[in-house]
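Undergrad: Here's a structure for you.
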Amino acid sequence: MNFRVICTLAAAMAVQQAFAQAPVLTVADCQQMAITQNKKIKAAQYQIDAANAAVQSANANAYPSIDGSVMGVYLGKPIGGALNGMIPEYVGSASVSVTQPVYAGGKIQLGKAAAAKGVSIQQEQKALSTADVLFNVNKAYWQVVQVKEKIVLAQKYQEMLQGLQRELKNAYDAGLIYKNDLLRVEVNQNEASLQLHQAHDGLVMAKLALAQVTGMAGQTDFNVADSVSGDFPEQAAQDLASAAENRPEIRLLNRVLEVEQLQRKMLKADFLPTFGVSAAGMGAAGKKVNISNGKDLMASWYGIASISVPIFDWGKKAGKVKEQTLKIAARQQELDNTKELLGLEVQQAYLALNQSVKKIRTSRLSLEQAAENLKLANDRLKAGTITGKDVLEAQTIWQQAYSSTIDSKVEYRIQEAAYRKATGTLH
């Protein structure tokens, strides 16, 4: 065995091993990868983390704030030491202050509540993003299955054409048919070969789309476990009007409405007085810095209690409260409108799913009829009662019926995912 043959065998074995190691993914596998790896979902989680950080910041507003400062000064001549040494030539000072809000019209507690609602909003936003991503995963997955089945169909169609081409070639060589019958089949073979190449390219693109949404961007070395076989039942009727209540869009708008209501309470708190206390201590060191006894050290402290009472602002605060009240009314209308639209979406998804079941039944019947028609055409060709053109037409009809069956079954799987998304049950 020469070196070239050894290299060829080694390369073939490597290719076989690579295919053997390619993972086979189910829909559940792809959904789980998307939940942990999809960039849109990761971004939503970062927003939740940011909202939690805002909660910590809001909670800290209830605690006293402590500030400190240090300062050093050197005064040159003639300022330093002037007035018989009353102005020190150099001085260093430090101070610490503590400020505690006692009452702020409830703004601190309302701020904490609003920050907590902010976390809920981001959580619902993530749920919304996750539902969108999972639907896109299902759609991309079944499109891979669709293209894979179309490749199988293209290969079967090629085999049919090859068989017909052999029969017609023998008949032509025997002088039983004209050459144009043979050429017509060869033209169809060229078109079938092009369709097969296009299907393989389509499979690569479909896999890239699935890889992107699952967080495996750029990877195509995987296979999908499913085919277009299985059961395709109709969706039973249920309470479609309330199904949309499970949608994250509704929960999200409810949380936003609650935040708007908290904001109105915070604006109303501006009408209430605020009260706080603070204390500060300071110390200084410098030549004769103590103005009371001329020593080089001095320390003191002070305390402040303050109360602020709003008296009159020409209706500015009242205007803001009215503005916020109208914003709340607008949010409520937006919520009600969204409920109506989502209810329509659920109804539409329900009808589309059951329509796809009817398409499957129709396409199956058409495929059975096309297969029977093709069988009769082949039998008649052998009997010499029809020409190759008639068989070509029968093969084309069969191919189209087969393709429609694949499309209708894949459409069902996508519509099934769309219905689950519309009813808030896609997890």
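Ligands are numbered from 1 in the order shown, chains are lettered A, B, ... in the order of the structure tokens, and residues start at 1 in each chain.
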So that I can see what lies close to range 224-233 of chain A, please list as a PyMOL selection string the residues with an atom at most 9 Å from it, counting only C-alpha atoms and leaving out residues fewer than 5 positions away in the same chain.
TA: chain A and resi 23-27+141-142+144-146+148-149+354+356-357+360+405-406+409-410+412-413
Undergrad: Kindly export the residues of the current selection with N, CA and C atoms, as a PDB file, in the first residue's frame.
TA:
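After the write, again.pdb holds the following:
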ATOM      1  N   PRO A  23     -22.306  16.509  17.891  1.00  0.00           N
ATOM      2  CA  PRO A  23     -23.423  16.322  18.822  1.00  0.00           C
ATOM      3  C   PRO A  23     -24.769  16.331  18.101  1.00  0.00           C
ATOM      4  N   VAL A  24     -25.693  15.559  18.630  1.00  0.00           N
ATOM      5  CA  VAL A  24     -27.051  15.512  18.116  1.00  0.00           C
ATOM      6  C   VAL A  24     -27.937  16.235  19.129  1.00  0.00           C
ATOM      7  N   LEU A  25     -28.557  17.325  18.701  1.00  0.00           N
ATOM      8  CA  LEU A  25     -29.278  18.209  19.607  1.00  0.00           C
ATOM      9  C   LEU A  25     -30.780  18.043  19.446  1.00  0.00           C
ATOM     10  N   THR A  26     -31.482  18.064  20.572  1.00  0.00           N
ATOM     11  CA  THR A  26     -32.938  18.124  20.572  1.00  0.00           C
ATOM     12  C   THR A  26     -33.385  19.569  20.752  1.00  0.00           C
ATOM     13  N   VAL A  27     -34.683  19.801  20.630  1.00  0.00           N
ATOM     14  CA  VAL A  27     -35.209  21.145  20.875  1.00  0.00           C
ATOM     15  C   VAL A  27     -34.913  21.575  22.310  1.00  0.00           C
ATOM     16  N   TYR A 141     -34.699  25.799  14.890  1.00  0.00           N
ATOM     17  CA  TYR A 141     -34.487  24.348  14.974  1.00  0.00           C
ATOM     18  C   TYR A 141     -35.288  23.623  13.901  1.00  0.00           C
ATOM     19  N   TRP A 142     -36.576  23.964  13.785  1.00  0.00           N
ATOM     20  CA  TRP A 142     -37.419  23.266  12.823  1.00  0.00           C
ATOM     21  C   TRP A 142     -37.102  23.665  11.395  1.00  0.00           C
ATOM     22  N   VAL A 144     -34.006  23.968  10.430  1.00  0.00           N
ATOM     23  CA  VAL A 144     -32.917  23.029  10.146  1.00  0.00           C
ATOM     24  C   VAL A 144     -33.494  21.672   9.757  1.00  0.00           C
ATOM     25  N   VAL A 145     -34.484  21.207  10.521  1.00  0.00           N
ATOM     26  CA  VAL A 145     -35.149  19.942  10.192  1.00  0.00           C
ATOM     27  C   VAL A 145     -35.756  20.010   8.793  1.00  0.00           C
ATOM     28  N   GLN A 146     -36.375  21.133   8.482  1.00  0.00           N
ATOM     29  CA  GLN A 146     -37.021  21.306   7.178  1.00  0.00           C
ATOM     30  C   GLN A 146     -36.012  21.159   6.045  1.00  0.00           C
ATOM     31  N   LYS A 148     -33.072  19.749   6.169  1.00  0.00           N
ATOM     32  CA  LYS A 148     -32.541  18.387   6.190  1.00  0.00           C
ATOM     33  C   LYS A 148     -33.480  17.430   5.446  1.00  0.00           C
ATOM     34  N   GLU A 149     -34.782  17.573   5.661  1.00  0.00           N
ATOM     35  CA  GLU A 149     -35.759  16.733   4.966  1.00  0.00           C
ATOM     36  C   GLU A 149     -35.801  17.060   3.471  1.00  0.00           C
ATOM     37  N   ASN A 354     -54.387  25.120  14.362  1.00  0.00           N
ATOM     38  CA  ASN A 354     -55.362  24.144  13.873  1.00  0.00           C
ATOM     39  C   ASN A 354     -55.470  24.164  12.345  1.00  0.00           C
ATOM     40  N   SER A 356     -52.896  24.555  10.443  1.00  0.00           N
ATOM     41  CA  SER A 356     -51.745  23.778   9.988  1.00  0.00           C
ATOM     42  C   SER A 356     -52.026  22.275  10.043  1.00  0.00           C
ATOM     43  N   VAL A 357     -52.877  21.850  10.993  1.00  0.00           N
ATOM     44  CA  VAL A 357     -53.277  20.434  11.032  1.00  0.00           C
ATOM     45  C   VAL A 357     -54.039  20.071   9.761  1.00  0.00           C
ATOM     46  N   ILE A 360     -51.681  19.670   6.886  1.00  0.00           N
ATOM     47  CA  ILE A 360     -50.973  18.388   6.920  1.00  0.00           C
ATOM     48  C   ILE A 360     -51.850  17.288   6.327  1.00  0.00           C
ATOM     49  N   THR A 405     -45.730  18.452   1.996  1.00  0.00           N
ATOM     50  CA  THR A 405     -45.909  17.706   3.240  1.00  0.00           C
ATOM     51  C   THR A 405     -44.862  18.101   4.271  1.00  0.00           C
ATOM     52  N   ILE A 406     -43.620  18.225   3.840  1.00  0.00           N
ATOM     53  CA  ILE A 406     -42.552  18.657   4.748  1.00  0.00           C
ATOM     54  C   ILE A 406     -42.852  20.053   5.290  1.00  0.00           C
ATOM     55  N   LYS A 409     -45.735  20.157   7.889  1.00  0.00           N
ATOM     56  CA  LYS A 409     -45.382  19.582   9.189  1.00  0.00           C
ATOM     57  C   LYS A 409     -44.455  20.518   9.975  1.00  0.00           C
ATOM     58  N   VAL A 410     -43.504  21.109   9.284  1.00  0.00           N
ATOM     59  CA  VAL A 410     -42.616  22.072   9.949  1.00  0.00           C
ATOM     60  C   VAL A 410     -43.410  23.301  10.380  1.00  0.00           C
ATOM     61  N   TYR A 412     -46.426  23.329  11.324  1.00  0.00           N
ATOM     62  CA  TYR A 412     -47.160  22.955  12.539  1.00  0.00           C
ATOM     63  C   TYR A 412     -46.276  23.127  13.767  1.00  0.00           C
ATOM     64  N   ARG A 413     -45.041  22.640  13.689  1.00  0.00           N
ATOM     65  CA  ARG A 413     -44.147  22.731  14.852  1.00  0.00           C
ATOM     66  C   ARG A 413     -43.869  24.192  15.216  1.00  0.00           C
TER      67      ARG A 413
END
Undergrad: From a DSSP calculation on the backbone, collect every residue of range 33-155 of chain A in strand (DSSP E or B) and output the set as a ChimeraX atom specification.
TA: /A:65-74,90-103
Undergrad: Excluding Leu344 in chain A and residues on its chain fewer than 4 positions from it, collect all residues at most 10 Å away from it, counting only C-alpha atoms, and give them as number ranges by chain.
TA: A: 240-241, 244, 338-340, 348-350, 422
Undergrad: Rank nothing, just name the residue among A:Gly424, A:Ala284, A:Tyr90, A:Ala44 nearest to Ser300 in chain A, using only C-alpha atoms.
TA: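 Of A:Gly424, A:Ala284, A:Tyr90, A:Ala44, the one nearest Ser300 in chain A is A:Ala284, counting only C-alpha atoms.
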Undergrad: Fewer than 3 positions away in the same chain doesn't count, so skip those; otherwise give me all residues within 9 Å of Gly111 in chain A, counting only C-alpha atoms, as a PyMOL selection string.
TA: chain A and resi 55+58-59+61+106-108+114-116+262-263+266
Undergrad: Keeping all heavy atoms, export the residues of the selection given above as a PDB file, in the first residue's frame.
TA:
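So the final result, stored in result27.pdb, reads:
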ATOM      1  N   VAL A  55     -31.131  48.900  44.320  1.00  0.00           N
ATOM      2  CA  VAL A  55     -31.826  48.628  45.582  1.00  0.00           C
ATOM      3  C   VAL A  55     -30.887  48.861  46.765  1.00  0.00           C
ATOM      4  O   VAL A  55     -31.266  49.475  47.777  1.00  0.00           O
ATOM      5  CB  VAL A  55     -32.367  47.182  45.598  1.00  0.00           C
ATOM      6  CG1 VAL A  55     -32.844  46.797  46.996  1.00  0.00           C
ATOM      7  CG2 VAL A  55     -33.512  47.045  44.609  1.00  0.00           C
ATOM      8  N   ALA A  58     -30.554  52.526  47.264  1.00  0.00           N
ATOM      9  CA  ALA A  58     -31.742  53.128  47.865  1.00  0.00           C
ATOM     10  C   ALA A  58     -31.850  52.789  49.346  1.00  0.00           C
ATOM     11  O   ALA A  58     -32.243  53.629  50.167  1.00  0.00           O
ATOM     12  CB  ALA A  58     -32.996  52.653  47.122  1.00  0.00           C
ATOM     13  N   ASN A  59     -31.503  51.570  49.716  1.00  0.00           N
ATOM     14  CA  ASN A  59     -31.548  51.175  51.125  1.00  0.00           C
ATOM     15  C   ASN A  59     -30.560  51.978  51.967  1.00  0.00           C
ATOM     16  O   ASN A  59     -30.806  52.272  53.138  1.00  0.00           O
ATOM     17  CB  ASN A  59     -31.254  49.682  51.264  1.00  0.00           C
ATOM     18  CG  ASN A  59     -32.383  48.819  50.725  1.00  0.00           C
ATOM     19  OD1 ASN A  59     -33.515  49.276  50.593  1.00  0.00           O
ATOM     20  ND2 ASN A  59     -32.083  47.576  50.400  1.00  0.00           N
ATOM     21  N   ASN A  61     -29.880  55.013  51.771  1.00  0.00           N
ATOM     22  CA  ASN A  61     -30.356  56.363  52.066  1.00  0.00           C
ATOM     23  C   ASN A  61     -30.936  56.493  53.468  1.00  0.00           C
ATOM     24  O   ASN A  61     -31.056  57.597  53.997  1.00  0.00           O
ATOM     25  CB  ASN A  61     -31.418  56.777  51.039  1.00  0.00           C
ATOM     26  CG  ASN A  61     -30.824  57.046  49.667  1.00  0.00           C
ATOM     27  OD1 ASN A  61     -29.662  57.444  49.559  1.00  0.00           O
ATOM     28  ND2 ASN A  61     -31.604  56.815  48.626  1.00  0.00           N
ATOM     29  N   GLY A 106     -41.579  60.470  53.850  1.00  0.00           N
ATOM     30  CA  GLY A 106     -41.765  59.111  53.341  1.00  0.00           C
ATOM     31  C   GLY A 106     -41.005  58.818  52.073  1.00  0.00           C
ATOM     32  O   GLY A 106     -41.138  57.727  51.504  1.00  0.00           O
ATOM     33  N   LYS A 107     -40.182  59.760  51.613  1.00  0.00           N
ATOM     34  CA  LYS A 107     -39.475  59.559  50.349  1.00  0.00           C
ATOM     35  C   LYS A 107     -38.479  58.413  50.408  1.00  0.00           C
ATOM     36  O   LYS A 107     -38.267  57.707  49.414  1.00  0.00           O
ATOM     37  CB  LYS A 107     -38.746  60.849  49.956  1.00  0.00           C
ATOM     38  CG  LYS A 107     -39.648  61.934  49.411  1.00  0.00           C
ATOM     39  CD  LYS A 107     -38.817  63.094  48.915  1.00  0.00           C
ATOM     40  CE  LYS A 107     -39.691  64.178  48.287  1.00  0.00           C
ATOM     41  NZ  LYS A 107     -38.877  65.300  47.791  1.00  0.00           N
ATOM     42  N   ILE A 108     -37.847  58.222  51.575  1.00  0.00           N
ATOM     43  CA  ILE A 108     -36.842  57.167  51.672  1.00  0.00           C
ATOM     44  C   ILE A 108     -37.489  55.801  51.482  1.00  0.00           C
ATOM     45  O   ILE A 108     -37.018  54.958  50.696  1.00  0.00           O
ATOM     46  CB  ILE A 108     -36.103  57.260  53.017  1.00  0.00           C
ATOM     47  CG1 ILE A 108     -35.294  58.560  53.082  1.00  0.00           C
ATOM     48  CG2 ILE A 108     -35.189  56.053  53.209  1.00  0.00           C
ATOM     49  CD1 ILE A 108     -34.619  58.784  54.412  1.00  0.00           C
ATOM     50  N   ALA A 114     -39.653  51.698  45.227  1.00  0.00           N
ATOM     51  CA  ALA A 114     -39.524  51.883  43.786  1.00  0.00           C
ATOM     52  C   ALA A 114     -38.326  51.112  43.239  1.00  0.00           C
ATOM     53  O   ALA A 114     -38.386  50.539  42.143  1.00  0.00           O
ATOM     54  CB  ALA A 114     -39.389  53.375  43.466  1.00  0.00           C
ATOM     55  N   ALA A 115     -37.231  51.088  43.996  1.00  0.00           N
ATOM     56  CA  ALA A 115     -36.049  50.339  43.560  1.00  0.00           C
ATOM     57  C   ALA A 115     -36.347  48.847  43.503  1.00  0.00           C
ATOM     58  O   ALA A 115     -35.915  48.150  42.581  1.00  0.00           O
ATOM     59  CB  ALA A 115     -34.883  50.614  44.501  1.00  0.00           C
ATOM     60  N   ALA A 116     -37.103  48.349  44.488  1.00  0.00           N
ATOM     61  CA  ALA A 116     -37.488  46.932  44.481  1.00  0.00           C
ATOM     62  C   ALA A 116     -38.376  46.623  43.279  1.00  0.00           C
ATOM     63  O   ALA A 116     -38.248  45.560  42.651  1.00  0.00           O
ATOM     64  CB  ALA A 116     -38.201  46.572  45.781  1.00  0.00           C
ATOM     65  N   LEU A 262     -46.018  54.794  42.641  1.00  0.00           N
ATOM     66  CA  LEU A 262     -45.065  55.163  43.697  1.00  0.00           C
ATOM     67  C   LEU A 262     -44.465  56.541  43.433  1.00  0.00           C
ATOM     68  O   LEU A 262     -44.241  57.322  44.364  1.00  0.00           O
ATOM     69  CB  LEU A 262     -43.953  54.111  43.790  1.00  0.00           C
ATOM     70  CG  LEU A 262     -44.317  52.776  44.437  1.00  0.00           C
ATOM     71  CD1 LEU A 262     -43.161  51.791  44.292  1.00  0.00           C
ATOM     72  CD2 LEU A 262     -44.647  52.971  45.919  1.00  0.00           C
ATOM     73  N   GLN A 263     -44.223  56.816  42.153  1.00  0.00           N
ATOM     74  CA  GLN A 263     -43.670  58.127  41.806  1.00  0.00           C
ATOM     75  C   GLN A 263     -44.637  59.250  42.182  1.00  0.00           C
ATOM     76  O   GLN A 263     -44.219  60.325  42.645  1.00  0.00           O
ATOM     77  CB  GLN A 263     -43.364  58.166  40.303  1.00  0.00           C
ATOM     78  CG  GLN A 263     -42.757  59.462  39.807  1.00  0.00           C
ATOM     79  CD  GLN A 263     -41.386  59.722  40.400  1.00  0.00           C
ATOM     80  OE1 GLN A 263     -40.669  58.800  40.763  1.00  0.00           O
ATOM     81  NE2 GLN A 263     -41.011  60.992  40.509  1.00  0.00           N
ATOM     82  N   MET A 266     -44.302  59.877  45.826  1.00  0.00           N
ATOM     83  CA  MET A 266     -43.080  60.631  46.120  1.00  0.00           C
ATOM     84  C   MET A 266     -43.259  62.116  45.818  1.00  0.00           C
ATOM     85  O   MET A 266     -42.747  62.973  46.550  1.00  0.00           O
ATOM     86  CB  MET A 266     -41.912  60.050  45.315  1.00  0.00           C
ATOM     87  CG  MET A 266     -41.506  58.640  45.727  1.00  0.00           C
ATOM     88  SD  MET A 266     -40.087  57.993  44.797  1.00  0.00           S
ATOM     89  CE  MET A 266     -38.776  59.014  45.439  1.00  0.00           C
TER      90      MET A 266
END
Undergrad: Excluding Lys320 in chain A and its own-chain neighbours fewer than 4 positions away, which residues fall within 9 Å of it when counting only C-alpha atoms? Please give them as a PDB file with N, CA, C and O atoms, in the first residue's frame.
TA:
ATOM      1  N   ARG A 264     -45.922  59.020  42.018  1.00  0.00           N
ATOM      2  CA  ARG A 264     -46.908  60.023  42.416  1.00  0.00           C
ATOM      3  C   ARG A 264     -46.875  60.239  43.933  1.00  0.00           C
ATOM      4  O   ARG A 264     -46.970  61.384  44.419  1.00  0.00           O
ATOM      5  N   LEU A 267     -43.988  62.430  44.767  1.00  0.00           N
ATOM      6  CA  LEU A 267     -44.245  63.837  44.450  1.00  0.00           C
ATOM      7  C   LEU A 267     -45.152  64.470  45.502  1.00  0.00           C
ATOM      8  O   LEU A 267     -44.976  65.641  45.866  1.00  0.00           O
ATOM      9  N   LYS A 268     -46.114  63.701  45.999  1.00  0.00           N
ATOM     10  CA  LYS A 268     -46.969  64.223  47.056  1.00  0.00           C
ATOM     11  C   LYS A 268     -46.178  64.447  48.348  1.00  0.00           C
ATOM     12  O   LYS A 268     -46.523  65.323  49.158  1.00  0.00           O
ATOM     13  N   GLY A 315     -47.904  76.619  42.732  1.00  0.00           N
ATOM     14  CA  GLY A 315     -48.539  75.425  42.154  1.00  0.00           C
ATOM     15  C   GLY A 315     -47.603  74.497  41.417  1.00  0.00           C
ATOM     16  O   GLY A 315     -48.042  73.593  40.706  1.00  0.00           O
ATOM     17  N   LYS A 316     -46.283  74.692  41.604  1.00  0.00           N
ATOM     18  CA  LYS A 316     -45.320  73.849  40.881  1.00  0.00           C
ATOM     19  C   LYS A 316     -45.446  72.386  41.286  1.00  0.00           C
ATOM     20  O   LYS A 316     -45.496  71.487  40.429  1.00  0.00           O
ATOM     21  N   GLN A 324     -48.189  63.534  36.851  1.00  0.00           N
ATOM     22  CA  GLN A 324     -47.947  62.119  37.120  1.00  0.00           C
ATOM     23  C   GLN A 324     -49.261  61.328  37.137  1.00  0.00           C
ATOM     24  O   GLN A 324     -49.309  60.182  36.687  1.00  0.00           O
ATOM     25  N   THR A 325     -50.332  61.939  37.641  1.00  0.00           N
ATOM     26  CA  THR A 325     -51.644  61.283  37.634  1.00  0.00           C
ATOM     27  C   THR A 325     -52.096  60.982  36.212  1.00  0.00           C
ATOM     28  O   THR A 325     -52.629  59.901  35.928  1.00  0.00           O
TER      29      THR A 325
END
Undergrad: Measuring between only C-alpha atoms, which one of A:Ala401, A:Ala243, A:Val256, A:Ala199 shows the shortest distance to Lys421 in chain A?
TA: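 Distance minimum relative to Lys421 in chain A lands on A:Ala243.
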Undergrad: Can you pull out the residues contacting range 68-72 of chain A? Cut-off 7 Å, using only C-alpha atoms, and skip same-chain residues under 4 positions away; I want them as a list in words.
TA: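 My list of contacting residues is Val91, Gly92, Ser93, Ala94, Ser95, Val96 and Ser97 of chain A.
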Undergrad: Would you export the selected residues with N, CA and C atoms as a PDB file, in the first residue's frame, please?
TA:
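That gives us again.pdb:
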ATOM      1  N   VAL A  91      -0.706  75.535  59.104  1.00  0.00           N
ATOM      2  CA  VAL A  91      -1.797  74.944  59.866  1.00  0.00           C
ATOM      3  C   VAL A  91      -2.285  73.701  59.131  1.00  0.00           C
ATOM      4  N   GLY A  92      -2.641  72.671  59.863  1.00  0.00           N
ATOM      5  CA  GLY A  92      -3.256  71.470  59.314  1.00  0.00           C
ATOM      6  C   GLY A  92      -4.554  71.210  60.062  1.00  0.00           C
ATOM      7  N   SER A  93      -5.606  70.855  59.351  1.00  0.00           N
ATOM      8  CA  SER A  93      -6.906  70.649  59.989  1.00  0.00           C
ATOM      9  C   SER A  93      -7.577  69.395  59.428  1.00  0.00           C
ATOM     10  N   ALA A  94      -8.449  68.800  60.241  1.00  0.00           N
ATOM     11  CA  ALA A  94      -9.240  67.622  59.843  1.00  0.00           C
ATOM     12  C   ALA A  94     -10.622  67.759  60.442  1.00  0.00           C
ATOM     13  N   SER A  95     -11.618  67.248  59.726  1.00  0.00           N
ATOM     14  CA  SER A  95     -12.992  67.318  60.236  1.00  0.00           C
ATOM     15  C   SER A  95     -13.750  66.061  59.833  1.00  0.00           C
ATOM     16  N   VAL A  96     -14.724  65.686  60.660  1.00  0.00           N
ATOM     17  CA  VAL A  96     -15.617  64.551  60.394  1.00  0.00           C
ATOM     18  C   VAL A  96     -17.034  65.015  60.682  1.00  0.00           C
ATOM     19  N   SER A  97     -17.958  64.724  59.738  1.00  0.00           N
ATOM     20  CA  SER A  97     -19.352  65.121  59.936  1.00  0.00           C
ATOM     21  C   SER A  97     -20.263  63.919  59.741  1.00  0.00           C
TER      22      SER A  97
END
Undergrad: Of the residues A:Lys327, A:Ile291, A:Phe135, A:Asn190, which is the one nearest to Gln162 in chain A, using only C-alpha atoms?
TA: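 Looking only at the distances to Gln162 in chain A, the closest residue turns out to be A:Asn190.
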Undergrad: Find the residue from A:Ala104, A:Met205, A:Lys40, A:Asp29 that sits nearest to Gln143 in chain A; use only C-alpha atoms when measuring.
TA: A:Met205
Undergrad: So which bits of range 269-342 of chain A end up alpha helix (DSSP H) when you DSSP the backbone, as a PyMOL selection string?
TA: chain A and resi 316-342
Undergrad: When you count only C-alpha atoms, which of these residues is closest to Leu374 in chain A: A:Leu164, A:Val185, A:Leu194, A:Gln238?
TA: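 Under the stated criterion, the closest residue is A:Leu164.
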Undergrad: Name the closest residue to Lys77 in chain A among the candidates A:Leu183, A:Glu345, A:Glu89, A:Gln212; distances are taken between atoms, counting only C-alpha atoms.
TA: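 Once distances to Lys77 in chain A are computed over only C-alpha atoms, the minimum belongs to A:Glu89.
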Undergrad: So how far away is CA of Val147 in chain A from CA of His200 in chain A, in Å?
TA: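 Between CA of His200 in chain A and CA of Val147 in chain A the gap is 7.9 Å.
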Undergrad: CA of Ala371 in chain A to CA of Ile151 in chain A: how many Å, to one decimal?
TA: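 Interatomic distance here is 18.8 Å.
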Undergrad: Find the residues around Pro310 in chain A up to 8 Å (only C-alpha atoms counted), leave out those fewer than 4 positions away in its own chain, and share them as a ChimeraX atom specification.
TA: /A:270-273
Undergrad: For the atom pair CA of Val213 in chain A and CA of Ala127 in chain A, what is the interatomic distance in Å to one decimal place?
TA: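 Taking CA of Val213 in chain A and CA of Ala127 in chain A, their separation equals 16.0 Å.
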